[in-house]
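Here is the structure we will look at.
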Amino acid sequence: MNTPDRALLLSLHPRFATAILNGDKTVELRRQRVTAPPGTPVIIYATSPVMALTGTARLTGVDTAAPGQIWRWHKAACGISKAEYTRYMDGATHASALLIDHPHPLTSTVPLAHLRAASAFHPPQSYRYLTQEALRELVCGHESAGELLERVAMPRPAGHTSRSAPLRPAQARPADASDSMRSAALLTVGPQ
């Protein structure tokens, strides 16, 4: 399996974000082609009035076809009515069905104000890709940062180095930490 090196940040209406995180909706729809390998981490951003990162999931695959075909294949899992689907896909020549599993709500959502404190972050209209480093910068200092980074853990390319925040005492790893704890610490603070 191809190992993803970036996460997929999806902007979703709160109704759909909640349905995915509850496990009721397992297919997210897009009007354009989406190319991401199976296993890609998904970060869920709930739009107004929530305006926050609310959880994570994993992409198990992407089906791209004509809108009518996508509806026939996935109507039971996409969480919308035929009328809503028809309105959304009006004029589209292609549709992508993002197959999603392993939903996990965050213990504490990461609000838009926090995401903008670190950079000029703008939620995507539909989706965008985020590297681990970009995500780390966005959530740095938030109480859910470690949880979020652990869930979307992505390998670093060979020879990759990055600037990282200095270790804070609470983040220092004990000398006898297991490999999994070491991986979580690396994701939180960068290379040591």
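Please note that chains go A, B, ... in the order of the structure tokens, that every chain numbers its residues from 1, and that ligands are numbered from 1 in the order shown.
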
Do a neighbour search on segment 113-125 of chain A at 8 Å with only C-alpha atoms, toss out local chain neighbours closer than 5 positions, and write the hits as a PDB file with all heavy atoms, in the first residue's frame.
ATOM      1  N   LEU A   9      -7.633  17.549   4.440  1.00  0.00           N
ATOM      2  CA  LEU A   9      -8.473  18.398   5.284  1.00  0.00           C
ATOM      3  C   LEU A   9      -9.766  18.653   4.531  1.00  0.00           C
ATOM      4  O   LEU A   9      -9.757  19.273   3.469  1.00  0.00           O
ATOM      5  CB  LEU A   9      -7.756  19.715   5.591  1.00  0.00           C
ATOM      6  CG  LEU A   9      -8.568  20.774   6.336  1.00  0.00           C
ATOM      7  CD1 LEU A   9      -8.972  20.287   7.719  1.00  0.00           C
ATOM      8  CD2 LEU A   9      -7.769  22.071   6.428  1.00  0.00           C
ATOM      9  N   LEU A  10     -10.877  18.164   5.086  1.00  0.00           N
ATOM     10  CA  LEU A  10     -12.191  18.325   4.464  1.00  0.00           C
ATOM     11  C   LEU A  10     -13.001  19.371   5.207  1.00  0.00           C
ATOM     12  O   LEU A  10     -13.151  19.288   6.424  1.00  0.00           O
ATOM     13  CB  LEU A  10     -12.976  17.013   4.499  1.00  0.00           C
ATOM     14  CG  LEU A  10     -12.487  15.855   3.658  1.00  0.00           C
ATOM     15  CD1 LEU A  10     -13.379  14.630   3.898  1.00  0.00           C
ATOM     16  CD2 LEU A  10     -12.475  16.223   2.183  1.00  0.00           C
ATOM     17  N   SER A  11     -13.556  20.328   4.478  1.00  0.00           N
ATOM     18  CA  SER A  11     -14.518  21.265   5.054  1.00  0.00           C
ATOM     19  C   SER A  11     -15.903  20.667   4.864  1.00  0.00           C
ATOM     20  O   SER A  11     -16.292  20.333   3.742  1.00  0.00           O
ATOM     21  CB  SER A  11     -14.456  22.618   4.335  1.00  0.00           C
ATOM     22  OG  SER A  11     -13.354  23.356   4.749  1.00  0.00           O
ATOM     23  N   TYR A  45     -13.011  19.459   9.300  1.00  0.00           N
ATOM     24  CA  TYR A  45     -13.257  20.836   9.711  1.00  0.00           C
ATOM     25  C   TYR A  45     -14.749  21.092   9.527  1.00  0.00           C
ATOM     26  O   TYR A  45     -15.272  20.975   8.409  1.00  0.00           O
ATOM     27  CB  TYR A  45     -12.449  21.828   8.868  1.00  0.00           C
ATOM     28  CG  TYR A  45     -12.773  23.267   9.203  1.00  0.00           C
ATOM     29  CD1 TYR A  45     -12.146  23.900  10.275  1.00  0.00           C
ATOM     30  CD2 TYR A  45     -13.713  23.979   8.480  1.00  0.00           C
ATOM     31  CE1 TYR A  45     -12.459  25.211  10.609  1.00  0.00           C
ATOM     32  CE2 TYR A  45     -14.027  25.284   8.804  1.00  0.00           C
ATOM     33  CZ  TYR A  45     -13.402  25.895   9.873  1.00  0.00           C
ATOM     34  OH  TYR A  45     -13.718  27.190  10.206  1.00  0.00           O
ATOM     35  N   GLU A 137       2.100  23.074  12.999  1.00  0.00           N
ATOM     36  CA  GLU A 137       2.124  24.525  13.198  1.00  0.00           C
ATOM     37  C   GLU A 137       0.734  25.076  13.500  1.00  0.00           C
ATOM     38  O   GLU A 137       0.588  25.974  14.329  1.00  0.00           O
ATOM     39  CB  GLU A 137       2.722  25.222  11.971  1.00  0.00           C
ATOM     40  CG  GLU A 137       4.211  24.988  11.832  1.00  0.00           C
ATOM     41  CD  GLU A 137       4.788  25.550  10.540  1.00  0.00           C
ATOM     42  OE1 GLU A 137       4.092  26.326   9.845  1.00  0.00           O
ATOM     43  OE2 GLU A 137       5.930  25.205  10.228  1.00  0.00           O
ATOM     44  N   LEU A 138      -0.285  24.541  12.831  1.00  0.00           N
ATOM     45  CA  LEU A 138      -1.653  25.033  13.043  1.00  0.00           C
ATOM     46  C   LEU A 138      -2.184  24.728  14.435  1.00  0.00           C
ATOM     47  O   LEU A 138      -2.913  25.530  15.014  1.00  0.00           O
ATOM     48  CB  LEU A 138      -2.604  24.429  12.000  1.00  0.00           C
ATOM     49  CG  LEU A 138      -2.490  24.955  10.585  1.00  0.00           C
ATOM     50  CD1 LEU A 138      -3.370  24.136   9.648  1.00  0.00           C
ATOM     51  CD2 LEU A 138      -2.877  26.427  10.532  1.00  0.00           C
ATOM     52  N   VAL A 139      -1.859  23.558  14.964  1.00  0.00           N
ATOM     53  CA  VAL A 139      -2.458  23.144  16.235  1.00  0.00           C
ATOM     54  C   VAL A 139      -1.525  23.309  17.434  1.00  0.00           C
ATOM     55  O   VAL A 139      -1.922  23.022  18.569  1.00  0.00           O
ATOM     56  CB  VAL A 139      -2.988  21.688  16.166  1.00  0.00           C
ATOM     57  CG1 VAL A 139      -4.053  21.556  15.094  1.00  0.00           C
ATOM     58  CG2 VAL A 139      -1.870  20.686  15.943  1.00  0.00           C
ATOM     59  N   CYS A 140      -0.306  23.782  17.192  1.00  0.00           N
ATOM     60  CA  CYS A 140       0.669  23.951  18.264  1.00  0.00           C
ATOM     61  C   CYS A 140       0.060  24.720  19.436  1.00  0.00           C
ATOM     62  O   CYS A 140      -0.565  25.767  19.259  1.00  0.00           O
ATOM     63  CB  CYS A 140       1.886  24.689  17.734  1.00  0.00           C
ATOM     64  SG  CYS A 140       3.179  24.895  18.966  1.00  0.00           S
ATOM     65  N   HIS A 142      -2.427  23.854  21.328  1.00  0.00           N
ATOM     66  CA  HIS A 142      -3.811  23.503  21.664  1.00  0.00           C
ATOM     67  C   HIS A 142      -3.824  22.190  22.437  1.00  0.00           C
ATOM     68  O   HIS A 142      -3.004  21.307  22.200  1.00  0.00           O
ATOM     69  CB  HIS A 142      -4.660  23.370  20.395  1.00  0.00           C
ATOM     70  CG  HIS A 142      -6.115  23.254  20.693  1.00  0.00           C
ATOM     71  ND1 HIS A 142      -6.714  22.053  20.968  1.00  0.00           N
ATOM     72  CD2 HIS A 142      -7.076  24.203  20.790  1.00  0.00           C
ATOM     73  CE1 HIS A 142      -8.005  22.268  21.209  1.00  0.00           C
ATOM     74  NE2 HIS A 142      -8.245  23.563  21.116  1.00  0.00           N
TER      75      HIS A 142
END

Next on the checklist: Write out as a ChimeraX atom specification the set of residues from segment 24-160 of chain A that DSSP, computed on the backbone, places in alpha helix (DSSP H).
Outcome noted: /A:67-74,82-89,112-118,132-139,145-151

Could you pull out the strand (DSSP E or B) residues of segment 16-178 of chain A from DSSP and send them as a PyMOL selection string?
-> chain A and resi 27-30+41-46+52-65+95-111+127-130

All residues 10 Å or closer to segment 67-71 of chain A, only C-alpha atoms, same chain fewer than 5 positions away omitted, as a ChimeraX atom specification
/A:29-31,76-78,82,85-86,88-97

Export of prior selection with N, CA and C atoms as a short mmCIF file (atom, residue, chain, number, x, y, z; two decimals), in the first residue's frame:
data_model
loop_
_atom_site.label_atom_id
_atom_site.label_comp_id
_atom_site.auth_asym_id
_atom_site.auth_seq_id
_atom_site.Cartn_x
_atom_site.Cartn_y
_atom_site.Cartn_z
N LEU A 29 -18.88 13.27 -0.57
CA LEU A 29 -18.95 13.53 -2.00
C LEU A 29 -18.23 14.82 -2.38
N ARG A 30 -17.64 14.81 -3.56
CA ARG A 30 -17.02 16.00 -4.12
C ARG A 30 -17.36 16.06 -5.61
N ARG A 31 -17.50 17.28 -6.14
CA ARG A 31 -17.86 17.49 -7.55
C ARG A 31 -16.68 17.36 -8.50
N ALA A 76 -26.71 4.87 -0.30
CA ALA A 76 -27.06 4.47 1.08
C ALA A 76 -26.06 4.98 2.12
N ALA A 77 -24.86 5.38 1.68
CA ALA A 77 -23.81 5.74 2.64
C ALA A 77 -23.45 7.22 2.64
N CYS A 78 -24.05 8.01 1.74
CA CYS A 78 -23.61 9.41 1.61
C CYS A 78 -24.40 10.39 2.47
N LYS A 82 -31.78 12.09 -2.55
CA LYS A 82 -31.56 12.16 -4.00
C LYS A 82 -31.69 13.60 -4.48
N TYR A 85 -28.58 15.50 -3.55
CA TYR A 85 -27.48 15.05 -4.40
C TYR A 85 -27.59 15.68 -5.79
N THR A 86 -28.76 15.66 -6.35
CA THR A 86 -28.98 16.22 -7.69
C THR A 86 -28.65 17.71 -7.72
N TYR A 88 -26.60 19.31 -5.66
CA TYR A 88 -25.16 19.47 -5.45
C TYR A 88 -24.37 19.14 -6.72
N MET A 89 -24.75 18.11 -7.43
CA MET A 89 -24.00 17.67 -8.60
C MET A 89 -24.43 18.35 -9.89
N ASP A 90 -25.40 19.25 -9.85
CA ASP A 90 -25.90 19.91 -11.05
C ASP A 90 -24.75 20.54 -11.84
N GLY A 91 -24.58 20.11 -13.07
CA GLY A 91 -23.53 20.65 -13.94
C GLY A 91 -22.19 19.94 -13.85
N ALA A 92 -22.02 19.07 -12.87
CA ALA A 92 -20.75 18.35 -12.71
C ALA A 92 -20.64 17.23 -13.74
N THR A 93 -19.46 17.05 -14.30
CA THR A 93 -19.23 15.94 -15.23
C THR A 93 -18.62 14.73 -14.53
N HIS A 94 -17.97 14.98 -13.40
CA HIS A 94 -17.38 13.92 -12.59
C HIS A 94 -17.79 14.11 -11.14
N ALA A 95 -17.81 13.01 -10.43
CA ALA A 95 -18.04 13.05 -8.99
C ALA A 95 -17.06 12.10 -8.34
N SER A 96 -16.63 12.45 -7.15
CA SER A 96 -15.77 11.57 -6.37
C SER A 96 -16.49 11.20 -5.08
N ALA A 97 -16.45 9.93 -4.77
CA ALA A 97 -16.97 9.41 -3.51
C ALA A 97 -15.77 9.03 -2.66
#

Restricting to only C-alpha atoms, whichever of A:Ala36, A:Leu148, A:Leu98, A:Ala153 is closest to Thr56 of chain A is A:Leu148

Restricting to only C-alpha atoms, whichever of A:Val34, A:Leu149, A:Leu8, A:Val110 is closest to Arg136 of chain A is A:Leu149

Among A:Ala65, A:Leu99, A:Leu106, A:Leu112, Arg151 of chain A is approached most closely, using only C-alpha atoms, by A:Leu106

Using atom CA of Leu135 of chain A and atom CA of Asp101 of chain A as the two end points, give the distance in Å to one decimal.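 A separation of 20.8 Å between them.
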
Computed gap from atom CA of Val27 of chain A to atom CA of Val62 of chain A is 9.2 Å

Correct to one decimal, the distance atom CA of Lys75 of chain A-atom CA of Met51 of chain A is 27.3 Å

| Between A:Val42, A:Ala145, A:Leu59, A:Ala19, which is the closest to Ile80 of chain A once you count only C-alpha atoms? |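 For Ile80 of chain A, the nearest of the given residues is A:Ala19.
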